[in-house]
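Source file: upload31.txt. Holds: compact mmCIF, C-alpha atoms.
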```txt
# COMPACT_ATOMS: atom_id res chain seq x y z
CA MET E 1483 29.42 -17.17 -2.27
CA ALA E 1484 27.65 -15.12 0.39
CA SER E 1485 30.72 -12.93 0.79
CA ARG E 1486 30.78 -12.28 -2.97
CA SER E 1487 27.16 -11.16 -2.83
CA PHE E 1488 27.96 -8.80 0.03
CA LEU E 1489 30.89 -7.45 -1.99
CA ARG E 1490 28.49 -6.70 -4.82
CA LEU E 1491 26.15 -4.94 -2.40
CA GLY E 1492 29.07 -2.98 -0.95
CA ALA E 1493 30.24 -1.94 -4.39
CA PHE E 1494 26.72 -0.84 -5.31
CA LEU E 1495 26.44 1.26 -2.13
CA ALA E 1496 29.85 2.78 -2.80
CA PHE E 1497 28.66 3.68 -6.31
CA VAL E 1498 25.57 5.41 -4.90
CA LEU E 1499 27.55 7.34 -2.33
CA ALA E 1500 30.24 8.32 -4.80
CA ALA E 1501 27.76 9.44 -7.41
CA GLY E 1502 25.62 11.45 -5.00
CA VAL E 1503 25.55 15.18 -5.73
CA ALA E 1504 23.98 17.88 -3.62
CA PHE E 1505 20.69 18.40 -5.47
CA ALA E 1506 17.44 17.88 -3.66
CA HIS E 1507 14.16 19.38 -2.61
CA ALA E 1508 14.77 22.96 -1.42
CA GLN E 1509 13.57 22.93 2.17
CA LEU E 1510 13.51 26.09 4.25
CA ASP E 1511 16.46 25.91 6.61
CA LYS E 1512 16.46 29.40 8.12
CA ALA E 1513 14.60 32.68 7.67
CA VAL E 1514 15.07 36.36 8.49
CA PRO E 1515 12.81 37.43 10.13
CA PRO E 1516 12.96 34.08 11.96
CA VAL E 1517 10.12 31.60 11.74
CA GLY E 1518 7.78 32.42 14.63
CA GLY E 1519 10.03 35.28 15.75
CA THR E 1520 9.32 38.80 16.96
CA VAL E 1521 11.26 41.60 15.26
CA THR E 1522 11.29 45.27 14.38
CA SER E 1523 10.00 46.08 10.90
CA PRO E 1524 12.32 44.16 8.51
CA ASN E 1525 13.85 45.65 5.35
CA GLU E 1526 13.73 42.33 3.55
CA ILE E 1527 12.56 38.75 3.74
CA ARG E 1528 15.57 36.42 3.50
CA LEU E 1529 15.00 32.69 3.13
CA LYS E 1530 17.88 30.24 3.34
CA PHE E 1531 17.09 26.92 1.67
CA THR E 1532 18.87 23.61 1.87
CA GLU E 1533 19.54 23.76 -1.89
CA GLY E 1534 20.06 26.35 -4.58
CA VAL E 1535 16.84 27.79 -5.98
CA GLU E 1536 15.74 29.22 -9.32
CA PRO E 1537 14.55 32.81 -8.66
CA ARG E 1538 12.49 32.87 -11.89
CA PHE E 1539 10.34 30.04 -10.62
CA SER E 1540 10.43 30.85 -6.90
CA GLY E 1541 8.48 33.45 -5.00
CA ILE E 1542 7.72 35.10 -1.67
CA ALA E 1543 4.44 36.70 -0.63
CA LEU E 1544 3.77 38.64 2.56
CA ALA E 1545 0.37 39.19 4.13
CA GLY E 1546 -0.70 41.10 7.21
CA GLU E 1547 -3.42 40.16 9.66
CA GLY E 1548 -6.64 39.53 7.80
CA GLY E 1549 -4.73 38.41 4.73
CA ALA E 1550 -4.05 41.85 3.22
CA ALA E 1551 -1.09 41.57 0.83
CA VAL E 1552 2.01 43.59 1.64
CA PRO E 1553 3.97 44.70 -1.42
CA LEU E 1554 7.41 43.15 -1.85
CA GLY E 1555 10.15 43.66 -4.39
CA ALA E 1556 10.86 41.02 -7.01
CA PRO E 1557 12.58 38.01 -5.45
CA GLY E 1558 16.19 37.33 -6.26
CA VAL E 1559 18.96 35.13 -5.00
CA ASP E 1560 21.96 36.29 -3.02
CA PRO E 1561 24.74 36.71 -5.62
CA ALA E 1562 27.08 34.91 -3.24
CA ASP E 1563 24.71 32.04 -2.40
CA ASN E 1564 22.00 30.80 -4.72
CA SER E 1565 20.30 28.98 -1.83
CA VAL E 1566 19.25 32.33 -0.33
CA LEU E 1567 16.09 33.91 -1.76
CA ILE E 1568 15.54 37.57 -0.92
CA ALA E 1569 12.64 39.98 -1.40
CA LYS E 1570 12.76 43.61 -0.28
CA VAL E 1571 9.97 44.90 1.93
CA ALA E 1572 8.72 48.05 0.24
CA LYS E 1573 7.48 49.90 3.34
CA THR E 1574 7.79 50.00 7.09
CA LEU E 1575 5.48 47.40 8.59
CA PRO E 1576 3.19 48.46 11.38
CA PRO E 1577 3.11 46.23 14.46
CA GLY E 1578 1.21 42.98 14.00
CA VAL E 1579 1.44 39.38 12.86
CA TYR E 1580 2.58 38.73 9.29
CA THR E 1581 2.55 35.57 7.22
CA VAL E 1582 5.24 34.72 4.70
CA THR E 1583 4.20 32.28 1.99
CA TRP E 1584 6.90 30.92 -0.28
CA HIS E 1585 7.35 28.53 -3.11
CA ALA E 1586 10.67 27.39 -4.43
CA VAL E 1587 11.98 25.46 -7.36
CA SER E 1588 15.37 24.01 -6.66
CA VAL E 1589 18.06 24.08 -9.32
CA ASP E 1590 17.15 20.47 -10.17
CA THR E 1591 13.49 21.58 -10.65
CA HIS E 1592 11.97 19.96 -7.57
CA LYS E 1593 9.13 22.10 -6.20
CA THR E 1594 8.50 22.87 -2.54
CA GLN E 1595 6.30 25.33 -0.69
CA GLY E 1596 5.53 26.54 2.81
CA SER E 1597 4.51 29.41 5.03
CA PHE E 1598 5.33 30.84 8.43
CA SER E 1599 4.47 33.79 10.62
CA PHE E 1600 6.47 36.46 12.41
CA THR E 1601 5.47 39.36 14.59
CA VAL E 1602 6.50 43.00 14.25
CA LYS E 1603 6.70 44.45 17.71
CA PRO E 1604 5.40 47.91 18.54
CA MET M 18 23.87 -19.74 0.10
CA THR M 19 23.57 -22.06 -2.84
CA PRO M 20 25.00 -21.13 -6.26
CA ALA M 21 21.44 -20.95 -7.59
CA THR M 22 20.42 -18.45 -4.91
CA SER M 23 23.53 -16.42 -5.47
CA ARG M 24 22.60 -16.18 -9.10
CA VAL M 25 19.11 -14.98 -8.12
CA VAL M 26 20.53 -12.35 -5.77
CA ALA M 27 23.16 -11.21 -8.20
CA GLY M 28 20.50 -11.12 -10.90
CA ALA M 29 18.24 -8.95 -8.74
CA ILE M 30 21.05 -6.53 -8.05
CA LEU M 31 22.18 -6.44 -11.65
CA GLY M 32 18.56 -6.02 -12.71
CA ALA M 33 18.22 -3.03 -10.42
CA ALA M 34 21.48 -1.63 -11.71
CA ALA M 35 20.35 -2.16 -15.28
CA ALA M 36 17.08 -0.37 -14.57
CA LEU M 37 19.10 2.46 -13.07
CA SER M 38 21.09 2.84 -16.23
CA LEU M 39 17.90 3.26 -18.23
CA SER M 40 16.20 5.60 -15.97
CA PRO M 41 15.41 9.13 -14.50
CA ALA M 42 12.67 12.96 -10.78
CA TYR M 43 9.50 12.18 -9.31
CA PRO M 44 9.64 13.50 -5.80
CA HIS M 45 9.70 11.07 -2.94
CA ALA M 46 6.71 11.30 -0.62
CA VAL M 47 6.10 15.05 -0.84
CA CYS M 48 2.53 16.37 -0.78
CA GLY M 49 2.03 20.08 -0.29
CA ASP M 50 4.17 21.32 2.60
CA ARG M 51 4.66 17.78 3.93
CA ILE M 52 7.51 15.38 3.37
CA PHE M 53 6.57 11.90 4.57
CA PRO M 54 9.75 10.03 5.51
CA ALA M 55 10.33 6.41 4.60
CA THR M 56 9.22 4.33 7.58
CA LEU M 57 10.24 0.85 8.63
CA ALA M 58 7.30 -1.18 9.95
CA ILE M 59 4.90 0.02 7.27
CA ASP M 60 5.46 1.70 3.92
CA ASP M 61 5.11 5.44 3.31
CA PRO M 62 2.33 6.62 0.97
CA GLY M 63 4.63 7.91 -1.74
CA VAL M 64 6.26 6.41 -4.79
CA GLY M 65 9.78 7.51 -5.61
CA ASP M 66 13.17 6.41 -6.80
CA GLU M 67 14.68 5.14 -3.58
CA LEU M 68 17.20 2.70 -2.22
CA ALA M 69 17.15 1.33 1.31
CA LEU M 70 20.52 -0.24 1.93
CA PRO M 71 20.91 -1.71 4.37
CA THR M 72 18.00 -2.38 6.67
CA LEU M 73 19.36 -4.24 9.69
CA THR M 74 17.06 -5.90 12.20
CA TYR M 75 17.90 -7.71 15.43
CA LEU M 76 15.36 -9.64 17.47
CA PRO M 77 16.52 -11.22 20.74
CA MET M 78 13.74 -13.80 20.43
CA ASN M 79 11.34 -13.96 17.52
CA SER M 80 7.88 -15.51 17.57
CA GLY M 81 9.44 -18.92 16.97
CA GLY M 82 11.75 -18.63 19.96
CA SER M 83 14.94 -17.97 17.97
CA GLN M 84 17.37 -15.10 18.07
CA GLN M 85 17.15 -13.43 14.64
CA PHE M 86 19.22 -11.04 12.51
CA ASP M 87 18.13 -9.71 9.11
CA ALA M 88 20.02 -7.62 6.55
CA THR M 89 17.90 -6.53 3.61
CA PHE M 90 17.86 -4.03 0.78
CA SER M 91 14.97 -2.47 -1.11
CA TYR M 92 15.09 -0.59 -4.39
CA THR M 93 12.20 1.28 -6.04
CA LYS M 94 12.24 2.50 -9.63
CA THR M 95 9.58 4.82 -10.99
CA ILE M 96 8.27 3.73 -14.37
CA PHE M 97 6.08 6.78 -14.91
CA PRO M 98 5.18 9.59 -12.49
CA GLY M 99 3.39 8.10 -9.51
CA PHE M 100 3.97 4.47 -10.49
CA GLY M 101 6.94 2.42 -9.40
CA LEU M 102 8.26 -1.11 -9.12
CA SER M 103 10.30 -2.23 -6.14
CA VAL M 104 12.35 -5.25 -5.25
CA GLN M 105 13.38 -6.33 -1.77
CA ASP M 106 15.50 -9.19 -0.53
CA GLY M 107 18.22 -10.17 1.91
CA PRO M 108 19.53 -12.81 4.27
CA THR M 109 18.22 -13.91 7.66
CA TRP M 110 20.12 -15.67 10.40
CA GLN M 111 18.33 -17.49 13.21
CA ASN M 112 19.74 -19.20 16.25
CA PRO M 113 18.60 -21.88 16.56
CA GLY M 114 17.47 -22.35 12.98
CA GLY M 115 20.34 -21.35 10.75
CA TYR M 116 20.71 -19.22 7.68
CA GLY M 117 18.42 -18.50 4.78
CA TRP M 118 17.92 -16.01 1.98
CA ASP M 119 14.49 -14.37 1.99
CA SER M 120 12.03 -14.99 -0.80
CA LEU M 121 12.18 -12.28 -3.44
CA ASN M 122 9.64 -9.55 -2.63
CA THR M 123 8.39 -7.29 -5.42
CA GLU M 124 5.78 -4.54 -5.42
CA ALA M 125 3.98 -2.48 -8.04
CA LYS M 126 2.66 0.71 -6.45
CA TYR M 127 0.63 3.65 -7.74
CA ASN M 128 0.29 6.97 -5.94
CA PHE M 129 -3.27 7.91 -6.93
CA LEU M 130 -3.94 10.80 -4.56
CA CYS M 131 -2.20 13.93 -3.31
CA LEU M 132 -4.23 16.87 -1.98
CA PRO M 133 -1.46 19.41 -1.36
CA ASP M 134 -3.51 21.85 0.73
CA HIS M 135 -4.44 19.03 3.11
CA GLU M 136 -1.18 17.08 2.96
CA LEU M 137 -3.22 13.99 2.15
CA MET M 138 -1.61 11.24 0.12
CA ALA M 139 -2.62 7.69 -0.80
CA SER M 140 -1.22 4.81 -2.83
CA LEU M 141 -2.32 1.34 -3.89
CA GLY M 142 0.10 -1.49 -4.37
CA MET M 143 0.36 -5.18 -5.11
CA THR M 144 3.17 -7.10 -3.46
CA ILE M 145 4.21 -10.56 -4.56
CA ILE M 146 6.51 -12.69 -2.44
CA TRP M 147 7.86 -15.18 -4.91
CA GLY M 148 7.93 -18.83 -3.97
CA ASN M 149 11.00 -20.95 -4.53
CA THR M 150 13.31 -17.94 -4.45
CA GLY M 151 14.29 -18.23 -0.78
CA THR M 152 16.72 -20.66 0.77
CA GLY M 153 17.20 -22.50 4.05
CA THR M 154 14.94 -21.28 6.81
CA GLN M 155 13.39 -18.72 4.45
CA ALA M 156 12.42 -21.12 1.68
CA THR M 157 8.74 -21.05 0.72
CA PRO M 158 7.39 -23.19 -2.13
CA TYR M 159 4.50 -20.88 -3.07
CA ASN M 160 3.82 -17.26 -4.00
CA THR M 161 2.07 -14.89 -1.60
CA TYR M 162 -0.03 -12.06 -3.03
CA GLN M 163 -0.62 -8.93 -1.00
CA PRO M 164 -2.78 -5.96 -2.09
CA VAL M 165 -1.74 -2.91 -0.08
CA LEU M 166 -3.29 0.50 0.67
CA ASP M 167 -1.02 3.23 2.08
CA VAL M 168 -2.34 6.59 3.32
CA GLY M 169 -0.64 9.64 4.83
CA LYS M 170 -2.08 12.79 6.38
CA GLY M 171 -0.13 15.79 7.63
CA PHE M 172 -1.74 18.27 9.97
CA GLY M 173 -0.17 21.40 8.54
CA ASP M 174 -3.65 22.51 7.52
CA LEU M 175 -4.69 23.02 11.14
CA PRO M 176 -5.28 26.67 12.05
CA LYS M 177 -2.28 28.68 13.17
CA SER M 178 -3.81 28.87 16.64
CA LEU M 179 -2.93 25.15 16.89
CA ASN M 180 0.58 25.74 15.59
CA ILE M 181 2.21 23.28 17.95
CA LEU M 182 0.11 20.43 16.48
CA ARG M 183 0.77 21.25 12.81
CA PRO M 184 4.04 19.23 12.59
CA PHE M 185 2.11 16.02 13.39
CA ALA M 186 1.41 13.52 10.65
CA VAL M 187 -0.01 10.02 10.57
CA THR M 188 0.41 7.31 7.98
CA ALA M 189 -1.42 4.02 7.79
CA GLU M 190 -1.29 0.77 5.87
CA LEU M 191 -3.82 -1.99 5.28
CA SER M 192 -3.06 -5.19 3.42
CA GLU M 193 -4.10 -8.81 3.10
CA SER M 194 -1.62 -11.65 2.58
CA LEU M 195 -3.05 -14.30 0.27
CA PRO M 196 -0.95 -17.47 -0.06
CA GLY M 197 -0.98 -19.08 -3.48
CA GLN M 198 -1.16 -22.54 -1.89
CA ALA M 199 -3.63 -23.52 0.84
CA TRP M 200 -1.55 -26.38 2.30
CA THR M 201 2.15 -27.17 2.38
CA ASN M 202 3.45 -30.44 3.86
CA GLY M 203 0.23 -30.88 5.79
CA ASN M 204 0.27 -27.38 7.25
CA GLN M 205 -2.31 -24.71 6.54
CA ASN M 206 -1.10 -21.49 4.95
CA SER M 207 -3.32 -18.84 6.48
CA THR M 208 -4.66 -15.71 4.86
CA ASN M 209 -3.63 -12.78 7.05
CA LEU M 210 -5.01 -9.29 7.53
CA ASN M 211 -2.23 -6.80 8.19
CA TRP M 212 -2.60 -3.24 9.40
CA GLY M 213 -0.44 -0.58 10.93
CA PHE M 214 0.03 3.11 11.44
CA THR M 215 2.65 5.65 12.39
CA VAL M 216 2.46 8.85 14.43
CA GLN M 217 5.16 11.34 13.47
CA TYR M 218 6.22 14.79 14.68
CA SER M 219 8.29 16.56 12.05
CA LEU M 220 10.88 18.92 13.49
CA PRO M 221 11.86 19.97 9.92
CA PHE M 222 8.24 21.10 9.52
CA TYR M 223 8.38 22.80 12.94
CA ASN M 224 11.58 24.61 11.96
CA SER M 225 10.24 25.87 8.65
CA GLN M 226 6.63 26.66 9.63
CA VAL M 227 6.22 27.04 13.39
CA ALA M 228 9.38 28.34 15.06
CA ALA M 229 13.04 28.36 14.16
CA ILE M 230 15.23 25.62 15.64
CA ASP M 231 18.84 26.66 16.05
CA ASN M 232 20.25 23.18 16.63
CA ASP M 233 21.34 21.70 13.29
CA PHE M 234 20.80 18.12 14.43
CA PHE M 235 17.34 18.45 15.93
CA LYS M 236 15.90 20.38 13.02
CA HIS M 237 16.41 17.32 10.85
CA LEU M 238 14.79 14.89 13.26
CA ILE M 239 11.38 13.23 13.04
CA PRO M 240 10.48 11.37 16.24
CA LEU M 241 7.84 8.75 15.56
CA THR M 242 6.22 5.57 16.76
CA GLU M 243 5.13 2.83 14.40
CA PHE M 244 2.53 0.16 15.09
CA ALA M 245 2.21 -2.95 12.92
CA PHE M 246 -0.21 -5.83 13.42
CA SER M 247 -1.23 -9.05 11.70
CA LYS M 248 -4.03 -11.56 12.23
CA PRO M 249 -4.85 -14.83 10.47
CA ILE M 250 -8.40 -14.54 9.17
CA TYR M 251 -8.84 -17.59 6.94
CA ASN M 252 -7.47 -21.12 6.63
CA PHE M 253 -5.60 -21.08 9.93
CA ALA M 254 -4.94 -23.98 12.26
CA PRO M 255 -7.11 -24.07 15.39
CA GLY M 256 -5.79 -21.73 18.05
CA THR M 257 -3.36 -19.92 15.78
CA ASN M 258 -5.39 -16.87 14.87
CA GLN M 259 -4.01 -14.64 17.59
CA THR M 260 -3.19 -11.06 16.63
CA THR M 261 0.52 -10.39 16.61
CA GLY M 262 2.34 -7.12 16.23
CA THR M 263 5.05 -4.74 17.25
CA ILE M 264 5.26 -1.21 18.60
CA GLN M 265 8.31 0.63 17.31
CA PRO M 266 9.31 3.95 18.90
CA GLY M 267 12.26 5.72 17.30
CA ALA M 268 13.43 8.63 15.20
CA ILE M 269 14.39 9.48 11.65
CA TYR M 270 17.18 11.87 10.75
CA MET M 271 16.25 13.39 7.41
CA ALA M 272 18.94 15.01 5.30
CA SER M 273 18.48 16.35 1.78
CA THR M 274 19.33 13.21 -0.13
CA TRP M 275 19.21 10.48 2.51
CA GLN M 276 17.73 9.54 5.83
CA PHE M 277 18.68 7.29 8.71
CA ALA M 278 16.03 5.63 10.84
CA LEU M 279 16.49 3.82 14.14
CA GLU M 280 13.68 2.17 16.06
CA ALA M 281 13.18 -0.21 18.97
CA ILE M 282 10.96 -3.23 18.28
CA VAL M 283 8.65 -4.06 21.17
CA PRO M 284 6.51 -7.19 20.69
CA MET M 285 2.88 -6.63 21.69
CA ASN M 286 2.45 -10.13 23.18
CA SER M 287 4.29 -13.41 23.65
CA ALA M 288 3.06 -14.66 20.27
CA SER M 289 4.94 -11.75 18.68
CA GLY M 290 8.28 -12.45 20.33
CA HIS M 291 10.15 -11.68 23.50
CA GLY M 292 12.52 -8.89 24.44
CA VAL M 293 13.17 -5.57 22.73
CA GLY M 294 14.72 -5.69 19.28
CA VAL M 295 16.15 -2.95 17.15
CA VAL M 296 15.96 -1.96 13.48
CA GLY M 297 18.06 0.61 11.60
CA GLU M 298 17.94 1.70 8.00
CA LEU M 299 19.96 3.92 5.69
CA HIS M 300 17.78 5.22 2.89
CA PHE M 301 18.75 7.15 -0.24
CA PHE M 302 16.43 9.37 -2.30
CA PHE M 303 17.52 8.79 -5.87
CA ASP M 304 15.16 11.47 -7.20
CA ASP M 305 17.31 13.94 -5.27
CA ILE M 306 20.69 12.34 -5.85
CA PHE M 307 20.24 11.71 -9.58
CA PRO M 308 17.45 14.13 -10.56
CA ASP M 309 18.26 14.17 -14.26
CA SER M 310 19.18 10.57 -14.87
CA LEU M 311 18.67 7.65 -12.52
CA GLY M 312 16.15 9.36 -10.25
CA LYS M 313 13.35 10.22 -12.64
CA PRO M 314 10.65 8.08 -14.22
CA ILE M 315 11.53 6.13 -17.33
CA PHE M 316 8.46 7.52 -19.07
CA GLY M 317 6.85 10.91 -18.53
CA GLY M 318 9.58 12.47 -16.41
CA LYS M 319 9.95 16.22 -16.22
```
Go through the file and emit its structure as structure tokens.
Amino acid sequence: MASRSFLRLGAFLAFVLAAGVAFAHAQLDKAVPPVGGTVTSPNEIRLKFTEGVEPRFSGIALAGEGGAAVPLGAPGVDPADNSVLIAKVAKTLPPGVYTVTWHAVSVDTHKTQGSFSFTVKP
Amino acid sequence: MTPATSRVVAGAILGAAAALSLSPAYPHAVCGDRIFPATLAIDDPGVGDELALPTLTYLPMNSGGSQQFDATFSYTKTIFPGFGLSVQDGPTWQNPGGYGWDSLNTEAKYNFLCLPDHELMASLGMTIIWGNTGTGTQATPYNTYQPVLDVGKGFGDLPKSLNILRPFAVTAELSESLPGQAWTNGNQNSTNLNWGFTVQYSLPFYNSQVAAIDNDFFKHLIPLTEFAFSKPIYNFAPGTNQTTGTIQPGAIYMASTWQFALEAIVPMNSASGHGVGVVGELHFFFDDIFPDSLGKPIFGGK
């Protein structure tokens, strides 16, 4: 009887694994400029998430030292990869530390958020 | 296992499966920028649609002097956002001692607090371990009632000047085990105070907020240590109110829809066991796997 119970458990686990699809919370996997990195003035902020994101409900904000907002273009996803959210940087950034703040809604509507800094070298 | 117990187990599984067929995505333990992983010695502070299957535990010598092996499962179903019901059960082998099926363990849990900016989360729960549902060495003729408080705090709100500390998080649990029967076969059933905490360092948080990690394995890893303790505080036999507990260093690999945890189990004293055990768990986040059907609350989902 114990073996039959384990068979049921095994079948249930197999069902879970078989039914699993790749939707989840969109967590930041990689960024350009890199998280904590030092770069020349970037042309865009490119965020690679672990899941596809909805650009209408996702956003990127950029702030310089002291919190002054830096204008960015409207965010959009890479046409070839909906897990990549991109916003154009409207002007050349002077040297300093910048903070990227993002929020994302994955294609299954889970919400995530976060922030990181990068440095523009002289 | 007796036919009666098999029916109970099969019923529990079928019940969970039936609930799945009715149901729906309340996020697992996410508060602000923090994702609290499911931990093993104590519960995380979140409420979500989750399945832990299996959780395997090996103790070279438990507190009773026996070698022990457990294989359990745990399933949680959200009823409405922030409130869930869970069921846990499984077999235990002891040598010497023999085989037994654990008493059915159920919990109703409500996540009443999440302060996103401070990554602070808290939940209250009521666990009932049902008497007369276990077999063999695990048979208990009475219910045990256990109110539980779970709290989690991430340190992502520390200033950027303390960046290296921001991936840290702690979770804690406090509960009291209240047996429904004071005496059984001439033995006292003690009321126990249970407490524990975890210290975690989230490399996923580090990768996304502090500095990029190039290694695909390490950026999913959360090294942690769990501490869990228990002490009889009422109705205990003379000399048996010693504090027992374990210290459990390990790591959790967190993927998008599942996680795998592996920890050593180090008894804190001889009353807690002897030798270093091990526990591993595969855990699925149903809110991420089935966001539009099985993984969302039955009522009040998105």
- Item | M:Gly82, M:Gly107, M:Pro54, M:Gly171 ranked by distance to chain E, top pick (using only C-alpha atoms) |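 Ranking M:Gly82, M:Gly107, M:Pro54, M:Gly171 by distance to chain E, first place goes to M:Gly107.
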Would you mind listing what lies within 7 Å of segment 254-270 of chain M as an mmCIF file with C-alpha atoms, keeping the file's coordinate frame, with all atoms listed in the file counted and same-chain residues fewer than 2 positions away left out?
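Result saved to selection-v7.cif:
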```
data_model
loop_
_atom_site.group_PDB
_atom_site.id
_atom_site.type_symbol
_atom_site.label_atom_id
_atom_site.label_comp_id
_atom_site.auth_asym_id
_atom_site.auth_seq_id
_atom_site.Cartn_x
_atom_site.Cartn_y
_atom_site.Cartn_z
ATOM 1 C CA GLN M 205 -2.310 -24.710 6.540
ATOM 2 C CA HIS M 237 16.410 17.320 10.850
ATOM 3 C CA LEU M 238 14.790 14.890 13.260
ATOM 4 C CA ILE M 239 11.380 13.230 13.040
ATOM 5 C CA PRO M 240 10.480 11.370 16.240
ATOM 6 C CA LEU M 241 7.840 8.750 15.560
ATOM 7 C CA THR M 242 6.220 5.570 16.760
ATOM 8 C CA GLU M 243 5.130 2.830 14.400
ATOM 9 C CA PHE M 244 2.530 0.160 15.090
ATOM 10 C CA ALA M 245 2.210 -2.950 12.920
ATOM 11 C CA PHE M 246 -0.210 -5.830 13.420
ATOM 12 C CA SER M 247 -1.230 -9.050 11.700
ATOM 13 C CA LYS M 248 -4.030 -11.560 12.230
ATOM 14 C CA PRO M 249 -4.850 -14.830 10.470
ATOM 15 C CA ILE M 250 -8.400 -14.540 9.170
ATOM 16 C CA ASN M 252 -7.470 -21.120 6.630
ATOM 17 C CA ALA M 272 18.940 15.010 5.300
ATOM 18 C CA GLN M 276 17.730 9.540 5.830
ATOM 19 C CA PHE M 277 18.680 7.290 8.710
ATOM 20 C CA ALA M 278 16.030 5.630 10.840
ATOM 21 C CA LEU M 279 16.490 3.820 14.140
ATOM 22 C CA GLU M 280 13.680 2.170 16.060
ATOM 23 C CA ALA M 281 13.180 -0.210 18.970
ATOM 24 C CA ILE M 282 10.960 -3.230 18.280
ATOM 25 C CA VAL M 283 8.650 -4.060 21.170
ATOM 26 C CA PRO M 284 6.510 -7.190 20.690
ATOM 27 C CA MET M 285 2.880 -6.630 21.690
ATOM 28 C CA ASN M 286 2.450 -10.130 23.180
ATOM 29 C CA ALA M 288 3.060 -14.660 20.270
ATOM 30 C CA SER M 289 4.940 -11.750 18.680
#
```
- Message: With all atoms listed in the file as the counted atoms, please give the residues lying no more than 12 Å from Gly148 of chain M, apart from itself and same-chain residues fewer than 6 positions off, as a list of chain:residue names.
- Response: M:Trp118, M:Asp119, M:Ser120, M:Leu121, M:Asn122, M:Thr123, M:Gln155, M:Ala156, M:Thr157, M:Pro158, M:Tyr159, M:Asn160, M:Thr161, M:Tyr162, M:Pro196, M:Gly197, M:Gln198, M:Thr201
- Message: I want to know what sits within 7 Å of Ser1588 of chain E, based on all atoms listed in the file, with residues of the same chain fewer than 2 positions away left out; could you give that as a ChimeraX atom specification?
- Response: /E:1507-1508,1533-1536,1586,1590-1593
- Excluding Ser1599 of chain E and residues on its chain fewer than 5 positions from it, collect all residues at most 12 Å away from it, counting only C-alpha atoms, and give them as number ranges by chain. E: 1513-1521, 1527, 1543-1547, 1549, 1578-1584; M: 177-178, 180, 223-229
- Close residues, Ser1523 of chain E itself excluded, 12 Å, all atoms listed in the file, min 5 positions apart in chain, as a list of chain:residue names: E:Val1514, E:Pro1515, E:Lys1570, E:Val1571, E:Ala1572, E:Lys1573, E:Thr1574, E:Leu1575, E:Pro1576, E:Pro1577, E:Gly1578, E:Val1579, E:Tyr1580, E:Phe1600, E:Thr1601, E:Val1602, E:Lys1603, E:Pro1604
- Query: In Å to one decimal, how far is atom CA of Ile52 of chain M from atom CA of Asp174 of chain M?
  - Reply: 13.9 Å
- Could you tell me how far atom CA of Val104 of chain M lies from atom CA of Val47 of chain M, in Å and to one decimal? 21.7 Å
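Minimum atom-to-atom distances from E:Leu1567, E:Val1552, E:Phe1598, E:Leu1510 to Ser1540 of chain E were compared using all atoms listed in the file, and the lowest value belongs to E:Leu1567.
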- Task: Between E:Gly1548, E:Gly1555, E:Gly1541, E:Pro1524, single out the one closest to Thr1594 of chain E, counting only C-alpha atoms.
- Result: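 When distances to Thr1594 of chain E are compared using only C-alpha atoms, the smallest one comes from E:Gly1541.
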- Item | Minimum-distance residue to chain M, chosen among E:Asn1525, E:Gly1558, E:Phe1531, E:Pro1537 (using all atoms listed in the file) |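 Nearest candidate to chain M out of E:Asn1525, E:Gly1558, E:Phe1531, E:Pro1537: E:Phe1531.
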Can you find the residues with an atom no farther than 6 Å from (13.5, 32.5, 0.1), counting all atoms listed in the file, and report them as a PDB file with C-alpha atoms, in the coordinates of the input?
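That gives us selection11.pdb:
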```pdb
ATOM      1  CA  ARG E1528      15.570  36.420   3.500  1.00  0.00           C
ATOM      2  CA  LEU E1529      15.000  32.690   3.130  1.00  0.00           C
ATOM      3  CA  LYS E1530      17.880  30.240   3.340  1.00  0.00           C
ATOM      4  CA  VAL E1566      19.250  32.330  -0.330  1.00  0.00           C
ATOM      5  CA  LEU E1567      16.090  33.910  -1.760  1.00  0.00           C
ATOM      6  CA  ILE E1568      15.540  37.570  -0.920  1.00  0.00           C
TER       7      ILE E1568
END
```
- Top pick for closest residue to chain M, considering E:Thr1532, E:Pro1553, E:Asp1560, E:Ile1542 and counting only C-alpha atoms: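 Using only C-alpha atoms, chain M sits closest to E:Thr1532.
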- d(atom CA of Gly99 of chain M, atom CA of Asp167 of chain M) in Å: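 Atom CA of Asp167 of chain M lies 13.3 Å from atom CA of Gly99 of chain M.
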Using all atoms of segment 174-192 of chain M listed in the file and a margin of 8 Å per side, can you give the axis-aligned box centre and edge lengths in Å to one decimal, as lines of an AutoDock Vina configuration file?
```
center_x = -0.6
center_y = 11.8
center_z = 10.7
size_x = 25.3
size_y = 50.1
size_z = 30.5
```
